[in-house]
file start26.cif (mmCIF, C-alpha atoms)
data_input
#
loop_
_atom_site.label_atom_id
_atom_site.label_comp_id
_atom_site.auth_asym_id
_atom_site.auth_seq_id
_atom_site.Cartn_x
_atom_site.Cartn_y
_atom_site.Cartn_z
CA MET A 1 0.93 80.93 27.89
CA THR A 2 0.54 77.13 27.66
CA ALA A 3 3.47 75.05 28.87
CA SER A 4 5.44 73.29 26.16
CA LYS A 5 5.32 69.50 25.82
CA ARG A 6 8.85 69.28 27.17
CA GLU A 7 7.89 71.34 30.19
CA ARG A 8 4.93 69.06 30.81
CA ASP A 9 7.11 65.98 30.57
CA VAL A 10 9.54 67.21 33.22
CA ASN A 11 6.72 68.82 35.20
CA THR A 12 8.25 72.24 35.52
CA LEU A 13 4.94 73.76 34.40
CA CYS A 14 6.61 77.10 34.36
CA SER A 15 8.37 79.57 32.15
CA PHE A 16 11.33 81.77 32.97
CA LEU A 17 12.49 85.12 31.73
CA ASN A 18 16.18 85.61 32.48
CA PHE A 19 17.24 89.21 32.16
CA ASN A 20 20.78 88.41 33.37
CA THR A 21 21.56 86.01 30.54
CA THR A 22 25.26 85.47 31.31
CA TRP A 23 24.93 84.68 35.01
CA GLU A 24 25.46 80.90 34.87
CA ALA A 25 28.51 81.29 32.65
CA ASP A 26 29.82 84.01 34.94
CA MET A 27 29.58 81.54 37.84
CA GLY A 28 32.38 79.48 36.30
CA ASP A 29 33.09 76.05 34.89
CA ASP A 30 32.18 74.03 37.99
CA PHE A 31 28.76 75.64 38.09
CA LEU A 32 28.19 75.01 34.39
CA ARG A 33 29.19 71.35 34.80
CA TYR A 34 26.70 71.03 37.66
CA ARG A 35 23.89 72.50 35.55
CA ARG A 36 24.71 70.17 32.66
CA ALA A 37 24.79 67.18 35.02
CA TRP A 38 21.43 68.18 36.47
CA GLN A 39 19.82 68.35 33.04
CA GLU A 40 21.42 65.18 31.67
CA ASN A 41 20.84 63.05 34.76
CA THR A 42 17.23 64.20 34.92
CA ARG A 43 16.63 63.48 31.23
CA HIS A 44 18.18 60.03 31.29
CA LYS A 45 17.08 59.09 34.84
CA THR A 46 20.71 58.53 35.85
CA LEU A 47 21.13 57.46 39.45
CA THR A 48 24.04 59.23 41.12
CA ARG A 49 25.87 58.02 44.24
CA PHE A 50 24.22 60.74 46.33
CA PRO A 51 21.25 63.02 45.62
CA MET A 52 22.29 66.01 43.54
CA HIS A 53 20.03 68.17 45.70
CA LEU A 54 18.74 68.24 49.30
CA ASP A 55 15.73 70.20 50.50
CA PHE A 56 16.03 71.23 54.15
CA ASP A 57 12.78 71.84 56.01
CA LEU A 58 14.26 74.46 58.32
CA THR A 59 10.95 75.65 59.77
CA ASN A 60 7.25 75.66 59.05
CA ALA A 61 6.82 79.06 60.71
CA CYS A 62 5.29 81.78 58.57
CA THR A 63 3.61 85.09 59.31
CA LEU A 64 1.49 85.02 56.14
CA ALA A 65 -1.76 83.21 55.37
CA CYS A 66 -1.77 83.02 51.57
CA PRO A 67 -5.10 81.42 50.60
CA PHE A 68 -3.59 79.10 47.98
CA CYS A 69 -0.70 77.82 50.13
CA PRO A 70 -0.65 74.21 51.39
CA ARG A 71 0.36 75.45 54.84
CA THR A 72 -2.73 77.66 55.01
CA GLN A 73 -4.89 74.68 54.04
CA LEU A 74 -3.42 72.57 56.84
CA VAL A 75 -4.13 75.32 59.36
CA ARG A 76 -7.69 75.69 58.04
CA GLN A 77 -8.27 71.94 58.32
CA GLY A 78 -6.87 71.77 61.85
CA ARG A 79 -3.97 69.53 60.72
CA TYR A 80 -1.12 71.97 61.18
CA PRO A 81 1.46 70.09 63.28
CA GLY A 82 2.68 73.05 65.33
CA THR A 83 5.70 75.24 64.72
CA TYR A 84 9.14 73.66 64.55
CA ARG A 85 12.72 74.61 63.71
CA MET A 86 15.56 72.41 62.54
CA PRO A 87 18.45 72.33 65.04
CA PHE A 88 21.71 73.50 63.53
CA GLU A 89 23.31 70.17 64.45
CA VAL A 90 20.82 68.24 62.29
CA TYR A 91 21.47 70.52 59.35
CA GLU A 92 25.23 70.32 59.76
CA LYS A 93 25.31 66.52 59.94
CA ALA A 94 23.29 66.11 56.75
CA LEU A 95 25.20 68.83 54.94
CA ARG A 96 28.63 67.46 55.82
CA GLU A 97 27.70 64.00 54.56
CA GLY A 98 26.50 65.55 51.33
CA ALA A 99 29.60 67.67 50.88
CA GLU A 100 31.76 64.54 51.19
CA LYS A 101 29.69 62.54 48.68
CA GLY A 102 28.94 64.86 45.79
CA LEU A 103 25.99 67.02 46.87
CA LEU A 104 25.65 69.88 44.38
CA ALA A 105 22.70 71.97 45.51
CA ILE A 106 20.48 72.72 48.50
CA ASN A 107 17.21 74.51 49.07
CA LEU A 108 16.72 75.96 52.54
CA ASN A 109 12.99 75.72 52.94
CA ALA A 110 9.97 73.51 52.43
CA GLY A 111 6.65 74.65 53.86
CA GLY A 112 7.66 77.73 55.84
CA GLU A 113 9.54 81.03 55.77
CA PRO A 114 13.29 80.33 56.09
CA LEU A 115 14.12 83.90 57.11
CA LEU A 116 12.41 83.17 60.45
CA HIS A 117 15.07 80.58 61.34
CA PRO A 118 17.62 82.26 63.63
CA ASP A 119 20.53 80.19 62.28
CA LEU A 120 19.85 80.85 58.59
CA PRO A 121 22.89 83.11 57.91
CA ARG A 122 25.18 80.59 59.62
CA MET A 123 23.63 77.76 57.60
CA VAL A 124 24.20 79.58 54.31
CA LYS A 125 27.82 80.32 55.20
CA LEU A 126 28.54 76.72 56.20
CA ALA A 127 27.20 75.45 52.87
CA ALA A 128 29.36 77.92 50.98
CA ASP A 129 32.41 77.02 53.06
CA LEU A 130 31.83 73.32 52.29
CA GLY A 131 31.75 74.00 48.57
CA ILE A 132 28.06 73.46 47.79
CA LEU A 133 27.67 75.01 44.35
CA ASP A 134 24.03 76.10 44.46
CA ILE A 135 22.56 77.43 47.72
CA MET A 136 19.02 78.71 47.30
CA LEU A 137 15.94 79.63 49.25
CA HIS A 138 12.39 80.80 48.59
CA THR A 139 11.00 83.67 50.63
CA SER A 140 8.15 86.17 50.73
CA ALA A 141 10.77 88.88 51.45
CA VAL A 142 8.57 90.17 54.29
CA HIS A 143 11.48 89.65 56.71
CA LEU A 144 14.26 90.58 54.27
CA ASP A 145 15.58 93.56 56.18
CA GLU A 146 19.00 95.09 55.48
CA ALA A 147 20.84 92.99 58.06
CA MET A 148 19.37 89.75 56.72
CA ALA A 149 20.04 90.70 53.10
CA ARG A 150 23.64 91.57 53.89
CA SER A 151 24.25 88.34 55.78
CA LEU A 152 22.84 86.23 52.95
CA ILE A 153 24.82 88.02 50.25
CA GLU A 154 28.08 87.98 52.19
CA GLY A 155 27.47 84.40 53.35
CA GLY A 156 27.35 83.05 49.80
CA LEU A 157 23.68 82.53 48.96
CA THR A 158 23.51 81.60 45.28
CA LYS A 159 19.82 82.17 44.48
CA LEU A 160 17.27 84.35 46.23
CA ILE A 161 13.83 83.35 44.95
CA ILE A 162 11.04 85.68 46.02
CA SER A 163 7.35 84.80 45.87
CA PHE A 164 5.43 87.83 44.62
CA ASP A 165 2.09 87.22 42.96
CA SER A 166 0.74 90.57 41.81
CA PRO A 167 2.13 93.97 40.80
CA ILE A 168 -1.10 95.61 42.01
CA PRO A 169 -0.86 96.55 45.70
CA GLU A 170 -4.42 95.70 46.70
CA HIS A 171 -4.40 92.40 44.85
CA TYR A 172 -0.95 91.47 46.15
CA GLU A 173 -2.14 91.97 49.72
CA GLN A 174 -5.17 89.76 49.09
CA LEU A 175 -3.01 86.95 47.73
CA ARG A 176 -0.15 87.42 50.22
CA LYS A 177 -2.34 87.91 53.26
CA ASN A 178 -0.61 89.82 56.13
CA ALA A 179 2.12 91.22 53.83
CA ARG A 180 2.35 94.92 52.96
CA PHE A 181 3.11 95.61 49.31
CA ASP A 182 5.17 98.78 49.79
CA ALA A 183 7.28 97.29 52.57
CA VAL A 184 8.05 94.12 50.60
CA VAL A 185 8.95 96.05 47.44
CA ALA A 186 11.24 98.24 49.56
CA ASN A 187 12.90 95.12 51.02
CA ILE A 188 13.50 93.65 47.57
CA ASN A 189 14.88 96.90 46.16
CA ARG A 190 17.20 97.31 49.13
CA ALA A 191 18.57 93.78 48.64
CA ILE A 192 19.14 94.52 44.94
CA ASP A 193 20.96 97.74 45.77
CA LEU A 194 23.03 96.06 48.45
CA LYS A 195 24.12 93.33 46.04
CA LYS A 196 25.31 96.04 43.65
CA GLU A 197 27.02 97.95 46.44
CA LEU A 198 28.90 94.81 47.49
CA ARG A 199 29.73 94.08 43.82
CA SER A 200 28.53 90.52 44.30
CA LEU A 201 27.63 88.19 41.45
CA THR A 202 25.35 86.31 43.82
CA PRO A 203 22.62 85.79 44.65
CA PHE A 204 20.69 85.55 41.40
CA ILE A 205 17.48 87.37 42.39
CA ARG A 206 14.35 85.94 40.83
CA ILE A 207 10.72 86.85 41.39
CA ASN A 208 8.26 83.95 41.13
CA MET A 209 4.58 84.45 40.35
CA VAL A 210 2.14 81.58 40.89
CA GLN A 211 -0.27 81.83 37.97
CA MET A 212 -3.88 81.29 39.03
CA LYS A 213 -7.30 82.31 37.83
CA GLU A 214 -7.00 85.30 40.13
CA ASN A 215 -3.83 86.80 38.65
CA HIS A 216 -2.73 85.22 35.37
CA HIS A 217 -3.94 88.27 33.42
CA GLU A 218 -1.32 90.36 35.28
CA ARG A 219 1.66 88.61 33.71
CA GLN A 220 2.75 91.49 31.46
CA GLN A 221 2.31 93.99 34.28
CA MET A 222 4.64 91.85 36.39
CA ILE A 223 7.25 91.91 33.64
CA ASP A 224 6.97 95.67 33.27
CA PHE A 225 7.12 96.21 37.03
CA TRP A 226 10.32 94.20 37.68
CA ARG A 227 12.35 93.75 34.49
CA GLU A 228 14.72 96.68 35.02
CA ARG A 229 15.65 95.59 38.53
CA ILE A 230 15.93 91.84 38.93
CA ASP A 231 17.86 88.98 37.33
CA GLY A 232 14.85 86.92 36.32
CA LEU A 233 11.13 86.22 36.53
CA GLY A 234 9.42 82.85 36.93
CA PHE A 235 5.79 82.11 36.10
CA LEU A 236 4.66 78.92 37.83
CA GLU A 237 1.42 77.13 37.10
CA TYR A 238 -0.68 76.74 40.26
CA ILE A 239 -0.82 73.20 41.64
CA ASN A 240 -3.38 72.09 44.23
CA TYR A 241 -1.13 69.79 46.23
CA TYR A 242 -3.01 66.75 47.59
CA GLN A 243 -6.27 68.56 46.72
CA TRP A 244 -6.14 70.44 50.03
CA ASP A 245 -7.34 73.71 48.49
CA ASP A 246 -11.14 73.71 48.20
CA ARG A 247 -11.12 76.31 45.41
CA ASP A 248 -10.42 75.69 41.73
CA ARG A 249 -7.62 78.13 40.90
CA TYR A 250 -6.28 76.40 37.79
CA VAL A 251 -5.87 78.65 34.76
CA HIS A 252 -6.22 75.68 32.39
CA PRO A 253 -8.31 72.51 32.69
CA VAL A 254 -6.16 69.72 34.15
CA ARG A 255 -6.22 65.95 34.20
CA TYR A 256 -4.16 63.24 35.87
CA GLN A 257 -1.40 62.08 33.55
CA GLU A 258 -1.42 58.31 34.05
CA ASP A 259 2.00 57.76 32.48
CA PHE A 260 3.59 60.57 34.47
CA VAL A 261 7.16 59.92 35.62
CA CYS A 262 8.35 62.29 38.33
CA GLU A 263 11.97 63.38 38.04
CA LYS A 264 12.43 63.96 41.76
CA PRO A 265 13.46 60.38 42.74
CA TRP A 266 16.52 60.82 40.50
CA GLN A 267 17.33 64.34 41.74
CA ARG A 268 16.67 64.98 45.38
CA LEU A 269 15.64 64.01 48.89
CA GLY A 270 14.23 66.08 51.71
CA ILE A 271 15.52 66.43 55.25
CA ALA A 272 12.80 67.01 57.83
CA HIS A 273 13.38 69.37 60.76
CA ASP A 274 14.10 66.45 63.11
CA GLY A 275 16.47 64.62 60.77
CA ARG A 276 14.07 62.21 59.11
CA ILE A 277 14.97 61.55 55.48
CA LYS A 278 11.99 62.35 53.26
CA PHE A 279 11.19 60.53 50.02
CA CYS A 280 9.67 63.75 48.65
CA HIS A 281 10.25 67.35 49.63
CA LEU A 282 6.57 68.09 48.85
CA ASP A 283 5.46 65.71 51.61
CA ASP A 284 4.40 68.45 54.04
CA LEU A 285 3.18 65.96 56.66
CA ASP A 286 6.32 63.77 56.46
CA GLU A 287 4.26 60.67 55.63
CA VAL A 288 7.01 58.72 53.81
CA THR A 289 10.44 58.66 55.39
CA LEU A 290 13.50 56.50 54.76
CA GLY A 291 15.04 56.56 58.23
CA THR A 292 16.77 59.35 60.09
CA ILE A 293 20.21 60.85 59.61
CA ILE A 294 21.04 59.65 63.12
CA ASP A 295 20.87 55.98 62.20
CA THR A 296 20.84 55.93 58.38
CA PRO A 297 23.36 57.57 56.07
CA ILE A 298 21.60 59.63 53.41
CA GLU A 299 23.56 57.76 50.75
CA GLU A 300 22.17 54.46 52.04
CA ALA A 301 18.60 55.77 51.98
CA TRP A 302 19.10 57.12 48.45
CA GLN A 303 20.48 53.82 47.15
CA GLY A 304 18.22 51.60 49.23
CA ALA A 305 15.50 49.14 48.31
CA GLN A 306 12.62 51.46 49.18
CA MET A 307 13.78 54.23 46.86
CA GLN A 308 14.63 51.76 44.11
CA ALA A 309 11.14 50.27 44.31
CA TYR A 310 9.63 53.73 43.99
CA ARG A 311 11.79 54.47 40.94
CA GLU A 312 10.81 51.21 39.27
CA LEU A 313 7.10 51.85 39.81
CA GLN A 314 7.51 55.30 38.32
CA GLN A 315 9.28 54.00 35.23
CA GLN A 316 6.68 51.26 34.76
CA GLY A 317 3.86 53.80 34.67
CA ARG A 318 2.52 52.61 38.03
CA ILE A 319 2.77 55.86 39.94
CA ARG A 320 -0.68 55.38 41.49
CA GLU A 321 0.67 52.34 43.37
CA ILE A 322 2.77 54.73 45.47
CA ASP A 323 0.23 55.96 48.00
CA LEU A 324 1.73 59.41 48.50
CA CYS A 325 2.15 59.95 44.75
CA SER A 326 -1.39 58.74 44.06
CA ARG A 327 -2.69 61.68 46.12
CA CYS A 328 -0.23 64.25 44.80
CA SER A 329 -1.43 66.85 42.33
CA THR A 330 1.93 67.18 40.58
CA PRO A 331 0.80 64.75 37.84
CA MET A 332 -2.25 66.96 37.20
CA MET A 333 -1.19 68.39 33.87
CA PRO A 334 -2.88 71.12 31.82
CA GLU A 335 -4.83 69.53 29.02
CA GLU A 336 -3.54 69.99 25.50
CA PRO A 337 -5.33 72.86 23.75
#

call {"tool": "encode", "arguments": {"input": "start26.cif", "output": "structure tokens"}}
result
Amino acid sequence: MTASKRERDVNTLCSFLNFNTTWEADMGDDFLRYRRAWQENTRHKTLTRFPMHLDFDLTNACTLACPFCPRTQLVRQGRYPGTYRMPFEVYEKALREGAEKGLLAINLNAGGEPLLHPDLPRMVKLAADLGILDIMLHTSAVHLDEAMARSLIEGGLTKLIISFDSPIPEHYEQLRKNARFDAVVANINRAIDLKKELRSLTPFIRINMVQMKENHHERQQMIDFWRERIDGLGFLEYINYYQWDDRDRYVHPVRYQEDFVCEKPWQRLGIAHDGRIKFCHLDDLDEVTLGTIIDTPIEEAWQGAQMQAYRELQQQGRIREIDLCSRCSTPMMPEEP
């Protein structure tokens, strides 16, 4: 399935099947207002007082070695920086500033497996207690045992997004190296059952499949495998971030879109494990930072001259003048058929 022109323009490069079609409405008026604000502010490039969304790089630890993952490429190239974890105090300071200034959503991972962070359940609960409307994380579900699933559901996690790239056991284990298909499926099913047992509206449980040459033909099998159990499925076009992957896994021919305007500078910032404020959450090596939360309020970094200069270059079609963006593969769009 080729992405629509609108999807290309906003660079989602993905399609979603929502089986639980009333979930957002069931979440209530505040949640619906947040989703409308996200869409409108993104479309019109409206600058809010504070980022609508923060990405917290809780840890880069991971027990898998997925061949298409940027983390795996860094390890292969000998550039992996060593394992780290975000101290709870760093997370709390950033989160409390956001809660006071209009933060709407958070994602609790960047380049690692968030379930390996020992403070994760406490972090989810704090965000819920502070009124953050959308609390999400992405996981392989390898470490989603019953205790973890229960703590996330009861703590107030809004979205549980699970990376699962093949419905065929042997192929899944090739793509998700070091994971066991049967064990992961059992973990996911147990979390689904526990959510029902607790009669909880949240989290919305979505399976994401990265579509590559290796697996794109399995799309319908993925739908058939999961549709009766989960809330939604996402099909994401593979992106070779910073060209670190030495294999061509693209399903469609791609080219650099010279007039590409990234929506992220109007949506979100990243918080590195040590409190540095990241221009882009996809900056796995933390190359571009805007200060630290110790000496710079996030609001100040968001509204500051450096971010404004980046936004202006984007809007002027001069994205290649931003060094980090010039090496990013996000503007590599599938060519029109």

call {"tool": "resolve_selection", "arguments": {"input": "start26.cif", "expression": "the PyMOL selection byres ((chain A and resi 45) around 9)", "output": "list in words"}}
result
Glu40, Asn41, Thr42, Arg43, His44, Thr46, Leu47, Glu263, Pro265, Trp266 and Gln267 of chain A

call {"tool": "residues_near_point", "arguments": {"input": "start26.cif", "point": "(17.0, 55.6, 52.4)", "cutoff": "9 Å", "atoms": "only C-alpha atoms", "output": "list in words"}}
result
Ile277, Lys278, Phe279, Thr289, Leu290, Gly291, Thr292, Thr296, Pro297, Ile298, Glu299, Glu300, Ala301, Trp302, Gln303, Gly304, Ala305, Gln306 and Met307 of chain A

call {"tool": "write_last_selection", "arguments": {"input": "start26.cif", "atoms": "C-alpha atoms", "output": "PDB file, in the coordinates of the input"}}
result
ATOM      1  CA  ILE A 277      14.970  61.550  55.480  1.00  0.00           C
ATOM      2  CA  LYS A 278      11.990  62.350  53.260  1.00  0.00           C
ATOM      3  CA  PHE A 279      11.190  60.530  50.020  1.00  0.00           C
ATOM      4  CA  THR A 289      10.440  58.660  55.390  1.00  0.00           C
ATOM      5  CA  LEU A 290      13.500  56.500  54.760  1.00  0.00           C
ATOM      6  CA  GLY A 291      15.040  56.560  58.230  1.00  0.00           C
ATOM      7  CA  THR A 292      16.770  59.350  60.090  1.00  0.00           C
ATOM      8  CA  THR A 296      20.840  55.930  58.380  1.00  0.00           C
ATOM      9  CA  PRO A 297      23.360  57.570  56.070  1.00  0.00           C
ATOM     10  CA  ILE A 298      21.600  59.630  53.410  1.00  0.00           C
ATOM     11  CA  GLU A 299      23.560  57.760  50.750  1.00  0.00           C
ATOM     12  CA  GLU A 300      22.170  54.460  52.040  1.00  0.00           C
ATOM     13  CA  ALA A 301      18.600  55.770  51.980  1.00  0.00           C
ATOM     14  CA  TRP A 302      19.100  57.120  48.450  1.00  0.00           C
ATOM     15  CA  GLN A 303      20.480  53.820  47.150  1.00  0.00           C
ATOM     16  CA  GLY A 304      18.220  51.600  49.230  1.00  0.00           C
ATOM     17  CA  ALA A 305      15.500  49.140  48.310  1.00  0.00           C
ATOM     18  CA  GLN A 306      12.620  51.460  49.180  1.00  0.00           C
ATOM     19  CA  MET A 307      13.780  54.230  46.860  1.00  0.00           C
TER      20      MET A 307
END

call {"tool": "atom_distance", "arguments": {"input": "start26.cif", "atom1": "CA of Thr21 (chain A)", "atom2": "CA of Phe204 (chain A)"}}
result
10.9 Å

call {"tool": "closest_residue", "arguments": {"input": "start26.cif", "among": "A:Arg150, A:Arg85, A:His138, A:Arg311", "to": "Asn208 (chain A)", "atoms": "only C-alpha atoms"}}
result
A:His138

call {"tool": "resolve_selection", "arguments": {"input": "start26.cif", "expression": "the PyMOL selection byres ((chain A and resi 86) around 9)", "output": "ChimeraX atom specification"}}
result
/A:56-59,84-85,87-91,117,272-275

call {"tool": "resolve_selection", "arguments": {"input": "start26.cif", "expression": "the PyMOL selection byres ((chain A and resi 245) around 9)", "output": "number ranges by chain"}}
result
A: 67-70, 72-73, 240-244, 246-249

call {"tool": "atom_distance", "arguments": {"input": "start26.cif", "atom1": "CA of Phe31 (chain A)", "atom2": "CA of Ala141 (chain A)"}}
result
26.0 Å

call {"tool": "closest_residue", "arguments": {"input": "start26.cif", "among": "A:Arg96, A:Lys101, A:Arg49, A:Arg190", "to": "Met123 (chain A)", "atoms": "all atoms listed in the file"}}
result
A:Arg96

call {"tool": "atom_distance", "arguments": {"input": "start26.cif", "atom1": "CA of Asp26 (chain A)", "atom2": "CA of Arg219 (chain A)"}}
result
28.6 Å

call {"tool": "closest_residue", "arguments": {"input": "start26.cif", "among": "A:Leu194, A:His143, A:His217, A:Phe225", "to": "Pro167 (chain A)", "atoms": "only C-alpha atoms"}}
result
A:Phe225

call {"tool": "residues_around", "arguments": {"input": "start26.cif", "residues": "Ser326 (chain A)", "least_positions_apart": "2", "cutoff": "12 Å", "atoms": "only C-alpha atoms", "output": "list in words"}}
result
Tyr241, Tyr242, Gln243, Tyr256, Gln257, Glu258, Phe260, Cys262, Leu313, Gln314, Gly317, Arg318, Ile319, Arg320, Glu321, Ile322, Asp323, Leu324, Cys328, Ser329, Thr330, Pro331 and Met332 of chain A

call {"tool": "residues_around", "arguments": {"input": "start26.cif", "residues": "Gly156 (chain A)", "least_positions_apart": "5", "cutoff": "10 Å", "atoms": "only C-alpha atoms", "output": "VMD selection string"}}
result
chain A and resid 121 124 to 129 132 to 136 151 200 to 203

call {"tool": "closest_residue", "arguments": {"input": "start26.cif", "among": "A:Met209, A:Val261, A:Cys62, A:Ile223", "to": "Glu312 (chain A)", "atoms": "all atoms listed in the file"}}
result
A:Val261

call {"tool": "residues_around", "arguments": {"input": "start26.cif", "residues": "Tyr238 (chain A)", "least_positions_apart": "5", "cutoff": "8 Å", "atoms": "all atoms listed in the file", "output": "PyMOL selection string"}}
result
chain A and resi 210-212+249-251

call {"tool": "closest_residue", "arguments": {"input": "start26.cif", "among": "A:Lys159, A:His252, A:Arg176, A:Arg36", "to": "Ile207 (chain A)", "atoms": "only C-alpha atoms"}}
result
A:Lys159

call {"tool": "closest_residue", "arguments": {"input": "start26.cif", "among": "A:Arg79, A:Arg227, A:Arg255, A:Arg268", "to": "Met333 (chain A)", "atoms": "all atoms listed in the file"}}
result
A:Arg255

call {"tool": "residues_around", "arguments": {"input": "start26.cif", "residues": "Leu54 (chain A)", "least_positions_apart": "5", "cutoff": "6 Å", "atoms": "all atoms listed in the file", "output": "PyMOL selection string"}}
result
chain A and resi 106+268-270

call {"tool": "write_last_selection", "arguments": {"input": "start26.cif", "atoms": "C-alpha atoms", "output": "mmCIF file, keeping the file's coordinate frame"}}
result
data_model
loop_
_atom_site.group_PDB
_atom_site.id
_atom_site.type_symbol
_atom_site.label_atom_id
_atom_site.label_comp_id
_atom_site.auth_asym_id
_atom_site.auth_seq_id
_atom_site.Cartn_x
_atom_site.Cartn_y
_atom_site.Cartn_z
ATOM 1 C CA ILE A 106 20.480 72.720 48.500
ATOM 2 C CA ARG A 268 16.670 64.980 45.380
ATOM 3 C CA LEU A 269 15.640 64.010 48.890
ATOM 4 C CA GLY A 270 14.230 66.080 51.710
#
